[in-house]
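S.K.: One structure coming up, written as structure tokens, with questions to follow.
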Amino acid sequence: SKKAFIFDLDGVVVDTAKFHFVAWQRLAVSLGINFTEEENEQLKGVSRVRSLEKILKWGNKEIDQKTFEEKLIQKNEEYLEMVETLTQEDILPGVHDFLLRLRESEQPIALGSASKNARPILKKLGIYDLFDAIVDGTDVSKAKPDPEVFLNACQLLNMPAKNAVVFEDSIAGVQAANNAGMISIGLGDQKNLSEADEVFESFLEMPTDYQHQLLNKTK
Ligand code: BG6
Ligand code: MG
């Protein structure tokens with residue numbers, strides 16, 4: 001049977017989560033705020049605007065609208081400088097092969113990301129054409145954990161939500177998948193992603209028989 005396979009981008013397909021962290025960390029320091037790696041887990045999957053709002057709240061800090069916008073521009077510029085260094089080597093382990101296997105068996109594939117930089121990053125990595133549908137931060141109005149991004153992806157693939165499998169590295173993203181009634185698979189640390197239906201350290205750790213089972217699984 002067919003499933004909709006929906007991939008988050010940052011931290012699932014490509015190793016850019018660390019760039020976001022560095023750029024947020026710098027921005028926070030520039031405002032005299034420090035935030036922990038644990039707090040950073042709560043920024044994963046979260047839109048740019050919402051992330052800055054959270055950092056300001058944690059730091060108990062208020063800034064005017066103009067500064068807010070300037071800080072976001074600066075954060076993105078620094079992030080994009082790091083993105084410039086990306087090569088195919090930064091595609092996370094096992095992802096490329098898994099995508100190719102899915103294509104071989106003609107499974108519908110989508111990207112569901114909060115990032116406004118998703119399309120150029122996929123093009124830079126040479127894997128843009130592997131996706132049948134792309135929904136990113138330029139297409140949605142509600143941030144994860146709202147299910148909008150994944151529901152839109154399913155709609156584009158013409159598949160019901162209950163037949164979708166979502167791969168996520170973020171708490172907000174796992175919650176978005178669960179809120180959409182989709183199977184959620186966490187990539188990363190079990191202790192952060194305990195709400196996911198299943199967690200693997202990476203795609204390399206996902207057993208072949210589990211991949212086959214996925215095709216027949218519903219929530
Ligand atoms: C998510 C990342 O994929 O996209 C977040 O996990 C990031 O860290 C968000 O803030 C928005 O990305 P961008 O590229 O539009 O700033
Ligand atoms: Mg992510």
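If you're wondering about the labels, chains in the structure tokens are A, B, ... by order shown, residues count from 1 in each chain, ligands from 1 in order shown.
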DSSP on the backbone: which residues in segment 73-200 of chain A end up as strand (DSSP E)? Give the answer as a PyMOL selection string.
M.R.: chain A and resi 109-112+133-135+164-168+183-187+198-200
S.K.: Go ahead and write the residues just picked, N, CA and C atoms, as a tab-separated table (two decimals), in the first residue's frame.
M.R.:
chain	number	residue	atom	x	y	z
A	109	ILE	N	6.34	11.45	-1.49
A	109	ILE	CA	7.28	12.07	-0.54
A	109	ILE	C	7.05	13.57	-0.47
A	110	ALA	N	7.00	14.10	0.73
A	110	ALA	CA	6.88	15.56	0.89
A	110	ALA	C	7.87	16.09	1.91
A	111	LEU	N	8.13	17.38	1.80
A	111	LEU	CA	8.88	18.09	2.82
A	111	LEU	C	7.89	18.93	3.62
A	112	GLY	N	8.02	18.92	4.93
A	112	GLY	CA	7.16	19.76	5.78
A	112	GLY	C	8.02	20.49	6.79
A	133	ALA	N	6.20	17.00	-3.15
A	133	ALA	CA	5.54	18.22	-2.67
A	133	ALA	C	6.42	18.86	-1.61
A	134	ILE	N	6.38	20.19	-1.57
A	134	ILE	CA	7.15	20.91	-0.56
A	134	ILE	C	6.23	21.93	0.12
A	135	VAL	N	6.16	21.84	1.43
A	135	VAL	CA	5.45	22.87	2.21
A	135	VAL	C	6.46	23.41	3.22
A	164	ALA	N	-0.24	8.98	6.70
A	164	ALA	CA	1.02	9.72	6.62
A	164	ALA	C	1.98	9.34	7.74
A	165	VAL	N	3.25	9.35	7.39
A	165	VAL	CA	4.33	9.09	8.34
A	165	VAL	C	5.21	10.34	8.34
A	166	VAL	N	5.46	10.89	9.52
A	166	VAL	CA	6.25	12.12	9.62
A	166	VAL	C	7.57	11.85	10.34
A	167	PHE	N	8.65	12.35	9.76
A	167	PHE	CA	9.98	12.24	10.38
A	167	PHE	C	10.38	13.59	10.95
A	168	GLU	N	10.65	13.63	12.22
A	168	GLU	CA	10.89	14.89	12.94
A	168	GLU	C	12.03	14.77	13.95
A	183	ILE	N	1.43	9.19	11.89
A	183	ILE	CA	2.47	8.45	12.62
A	183	ILE	C	3.68	9.36	12.76
A	184	SER	N	4.17	9.49	13.98
A	184	SER	CA	5.33	10.37	14.21
A	184	SER	C	6.57	9.54	14.51
A	185	ILE	N	7.61	9.78	13.75
A	185	ILE	CA	8.87	9.10	14.00
A	185	ILE	C	9.93	10.13	14.35
A	186	GLY	N	10.46	10.01	15.56
A	186	GLY	CA	11.46	10.95	16.02
A	186	GLY	C	12.85	10.51	15.58
A	187	LEU	N	13.64	11.46	15.16
A	187	LEU	CA	15.05	11.20	14.84
A	187	LEU	C	15.88	11.97	15.83
A	198	GLU	N	7.70	6.37	17.60
A	198	GLU	CA	8.94	5.59	17.55
A	198	GLU	C	10.10	6.56	17.44
A	199	VAL	N	11.23	6.23	18.05
A	199	VAL	CA	12.39	7.12	17.95
A	199	VAL	C	13.61	6.32	17.49
A	200	PHE	N	14.34	6.87	16.51
A	200	PHE	CA	15.61	6.29	16.10
A	200	PHE	C	16.69	7.36	16.19
S.K.: Please write out the residues within 9 Å of ligand 1 as a ChimeraX atom specification, counting only C-alpha atoms and all ligand atoms.
M.R.: /A:8-11,16-21,24,40-41,43-52,72,75-76,79-80,112-118,136-138,169-170,173
S.K.: Would you mind listing what lies within 9 Å of Gln74 of chain A as a count of residues only, with only C-alpha atoms counted and same-chain residues fewer than 4 positions away left out?
M.R.: 6
S.K.: Choose the residue, out of A:Thr36, A:Gln42, A:Asn216, A:Gln155, that has the smallest atom-to-atom separation from ligand 2; count only C-alpha atoms and all ligand atoms.
M.R.: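 The closest residue to ligand 2 is A:Gln42.
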S.K.: Just want the 12 Å neighbourhood of Met159 of chain A, counted on only C-alpha atoms, with same-chain residues fewer than 3 positions away dropped. Output as a count of residues only.
M.R.: 23
S.K.: Which parts of segment 15-175 of chain A does DSSP call alpha helix (DSSP H) when run on the backbone here, written out as a PyMOL selection string?
M.R.: chain A and resi 17-30+37-41+48-58+65-83+95-104+118-125+148-157+171-175
S.K.: Mind dumping the selected residues with C-alpha atoms as a PDB file, in the first residue's frame?
M.R.:
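The result, stored in result.pdb:
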ATOM      1  CA  ALA A  17      19.981  22.486  13.364  1.00  0.00           C
ATOM      2  CA  LYS A  18      23.446  23.273  14.726  1.00  0.00           C
ATOM      3  CA  PHE A  19      23.626  26.420  12.535  1.00  0.00           C
ATOM      4  CA  HIS A  20      20.276  27.645  13.843  1.00  0.00           C
ATOM      5  CA  PHE A  21      21.526  27.062  17.393  1.00  0.00           C
ATOM      6  CA  VAL A  22      24.756  29.020  16.837  1.00  0.00           C
ATOM      7  CA  ALA A  23      22.908  31.928  15.212  1.00  0.00           C
ATOM      8  CA  TRP A  24      20.270  32.099  17.979  1.00  0.00           C
ATOM      9  CA  GLN A  25      22.955  31.841  20.616  1.00  0.00           C
ATOM     10  CA  ARG A  26      24.797  34.851  19.117  1.00  0.00           C
ATOM     11  CA  LEU A  27      21.602  36.852  18.881  1.00  0.00           C
ATOM     12  CA  ALA A  28      20.722  36.045  22.485  1.00  0.00           C
ATOM     13  CA  VAL A  29      24.175  37.056  23.704  1.00  0.00           C
ATOM     14  CA  SER A  30      23.861  40.351  21.799  1.00  0.00           C
ATOM     15  CA  GLU A  37      20.630  23.544  25.055  1.00  0.00           C
ATOM     16  CA  GLU A  38      17.475  22.347  26.754  1.00  0.00           C
ATOM     17  CA  GLU A  39      15.716  25.585  25.844  1.00  0.00           C
ATOM     18  CA  ASN A  40      17.126  25.236  22.336  1.00  0.00           C
ATOM     19  CA  GLU A  41      15.245  21.931  22.008  1.00  0.00           C
ATOM     20  CA  ARG A  48      11.789  32.440  13.189  1.00  0.00           C
ATOM     21  CA  VAL A  49       9.453  35.038  14.727  1.00  0.00           C
ATOM     22  CA  ARG A  50       8.138  32.677  17.383  1.00  0.00           C
ATOM     23  CA  SER A  51      11.702  31.650  18.298  1.00  0.00           C
ATOM     24  CA  LEU A  52      12.749  35.220  19.029  1.00  0.00           C
ATOM     25  CA  GLU A  53       9.591  35.770  21.069  1.00  0.00           C
ATOM     26  CA  LYS A  54      10.492  32.729  23.177  1.00  0.00           C
ATOM     27  CA  ILE A  55      14.103  33.844  23.691  1.00  0.00           C
ATOM     28  CA  LEU A  56      12.940  37.293  24.811  1.00  0.00           C
ATOM     29  CA  LYS A  57      10.468  35.733  27.210  1.00  0.00           C
ATOM     30  CA  TRP A  58      13.087  33.433  28.724  1.00  0.00           C
ATOM     31  CA  GLN A  65       9.414  46.329  16.861  1.00  0.00           C
ATOM     32  CA  LYS A  66      12.236  47.831  14.797  1.00  0.00           C
ATOM     33  CA  THR A  67      14.947  46.108  16.845  1.00  0.00           C
ATOM     34  CA  PHE A  68      12.953  42.879  16.734  1.00  0.00           C
ATOM     35  CA  GLU A  69      12.942  42.931  12.947  1.00  0.00           C
ATOM     36  CA  GLU A  70      16.620  43.933  12.713  1.00  0.00           C
ATOM     37  CA  LYS A  71      17.608  41.074  15.006  1.00  0.00           C
ATOM     38  CA  LEU A  72      15.702  38.595  12.836  1.00  0.00           C
ATOM     39  CA  ILE A  73      17.395  39.865   9.682  1.00  0.00           C
ATOM     40  CA  GLN A  74      20.792  39.595  11.313  1.00  0.00           C
ATOM     41  CA  LYS A  75      20.068  36.096  12.616  1.00  0.00           C
ATOM     42  CA  ASN A  76      19.059  34.951   9.152  1.00  0.00           C
ATOM     43  CA  GLU A  77      22.097  36.533   7.489  1.00  0.00           C
ATOM     44  CA  GLU A  78      24.420  34.748   9.884  1.00  0.00           C
ATOM     45  CA  TYR A  79      22.501  31.504   9.398  1.00  0.00           C
ATOM     46  CA  LEU A  80      22.732  31.815   5.612  1.00  0.00           C
ATOM     47  CA  GLU A  81      26.499  32.403   5.832  1.00  0.00           C
ATOM     48  CA  MET A  82      26.779  29.025   7.540  1.00  0.00           C
ATOM     49  CA  VAL A  83      24.381  27.456   5.018  1.00  0.00           C
ATOM     50  CA  VAL A  95      18.540   9.927   4.449  1.00  0.00           C
ATOM     51  CA  HIS A  96      19.599  10.006   0.812  1.00  0.00           C
ATOM     52  CA  ASP A  97      19.396   6.201   0.445  1.00  0.00           C
ATOM     53  CA  PHE A  98      16.051   6.090   2.222  1.00  0.00           C
ATOM     54  CA  LEU A  99      14.634   8.774  -0.103  1.00  0.00           C
ATOM     55  CA  LEU A 100      15.873   6.871  -3.146  1.00  0.00           C
ATOM     56  CA  ARG A 101      14.345   3.606  -1.845  1.00  0.00           C
ATOM     57  CA  LEU A 102      10.995   5.347  -1.332  1.00  0.00           C
ATOM     58  CA  ARG A 103      11.107   6.740  -4.847  1.00  0.00           C
ATOM     59  CA  GLU A 104      11.937   3.320  -6.257  1.00  0.00           C
ATOM     60  CA  ALA A 118      13.929  25.205   2.737  1.00  0.00           C
ATOM     61  CA  ARG A 119      13.745  25.353  -1.062  1.00  0.00           C
ATOM     62  CA  PRO A 120      17.191  26.919  -1.679  1.00  0.00           C
ATOM     63  CA  ILE A 121      18.762  24.477   0.805  1.00  0.00           C
ATOM     64  CA  LEU A 122      17.257  21.433  -0.951  1.00  0.00           C
ATOM     65  CA  LYS A 123      18.476  22.800  -4.293  1.00  0.00           C
ATOM     66  CA  LYS A 124      21.960  23.403  -2.913  1.00  0.00           C
ATOM     67  CA  LEU A 125      22.070  19.772  -1.738  1.00  0.00           C
ATOM     68  CA  GLU A 148      -1.116  22.888   9.258  1.00  0.00           C
ATOM     69  CA  VAL A 149       2.228  22.243   7.550  1.00  0.00           C
ATOM     70  CA  PHE A 150       1.769  18.451   7.528  1.00  0.00           C
ATOM     71  CA  LEU A 151      -1.920  18.574   6.609  1.00  0.00           C
ATOM     72  CA  ASN A 152      -1.069  20.804   3.649  1.00  0.00           C
ATOM     73  CA  ALA A 153       1.621  18.356   2.574  1.00  0.00           C
ATOM     74  CA  CYS A 154      -0.876  15.478   2.649  1.00  0.00           C
ATOM     75  CA  GLN A 155      -3.336  17.479   0.653  1.00  0.00           C
ATOM     76  CA  LEU A 156      -0.738  18.176  -2.033  1.00  0.00           C
ATOM     77  CA  LEU A 157       0.115  14.463  -2.145  1.00  0.00           C
ATOM     78  CA  ILE A 171       9.366  18.288  20.064  1.00  0.00           C
ATOM     79  CA  ALA A 172       7.077  20.816  18.332  1.00  0.00           C
ATOM     80  CA  GLY A 173       7.201  18.802  15.094  1.00  0.00           C
ATOM     81  CA  VAL A 174       6.367  15.493  16.762  1.00  0.00           C
ATOM     82  CA  GLN A 175       3.423  17.212  18.438  1.00  0.00           C
TER      83      GLN A 175
END
S.K.: Can you tell me how far atom CA of Asn179 of chain A sits from atom 1 (Mg, counted along the ligand's line) of ligand 2, in Å to one decimal?
M.R.: 16.6 Å
S.K.: How many Å lie between atom CA of Lys144 of chain A and atom CA of Ala176 of chain A, rounded to one decimal?
M.R.: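 Result for atom CA of Lys144 of chain A versus atom CA of Ala176 of chain A: 5.4 Å, one decimal.
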S.K.: Find the distance between atom CA of Asp64 of chain A and atom CA of Pro145 of chain A and write it in Å to one decimal.
M.R.: 26.7 Å
S.K.: In terms of the shortest atom-to-atom distance over only C-alpha atoms and all ligand atoms, which of A:Ser141, A:Asn34, A:Leu193, A:Ile63 is closest to ligand 2?
M.R.: A:Leu193
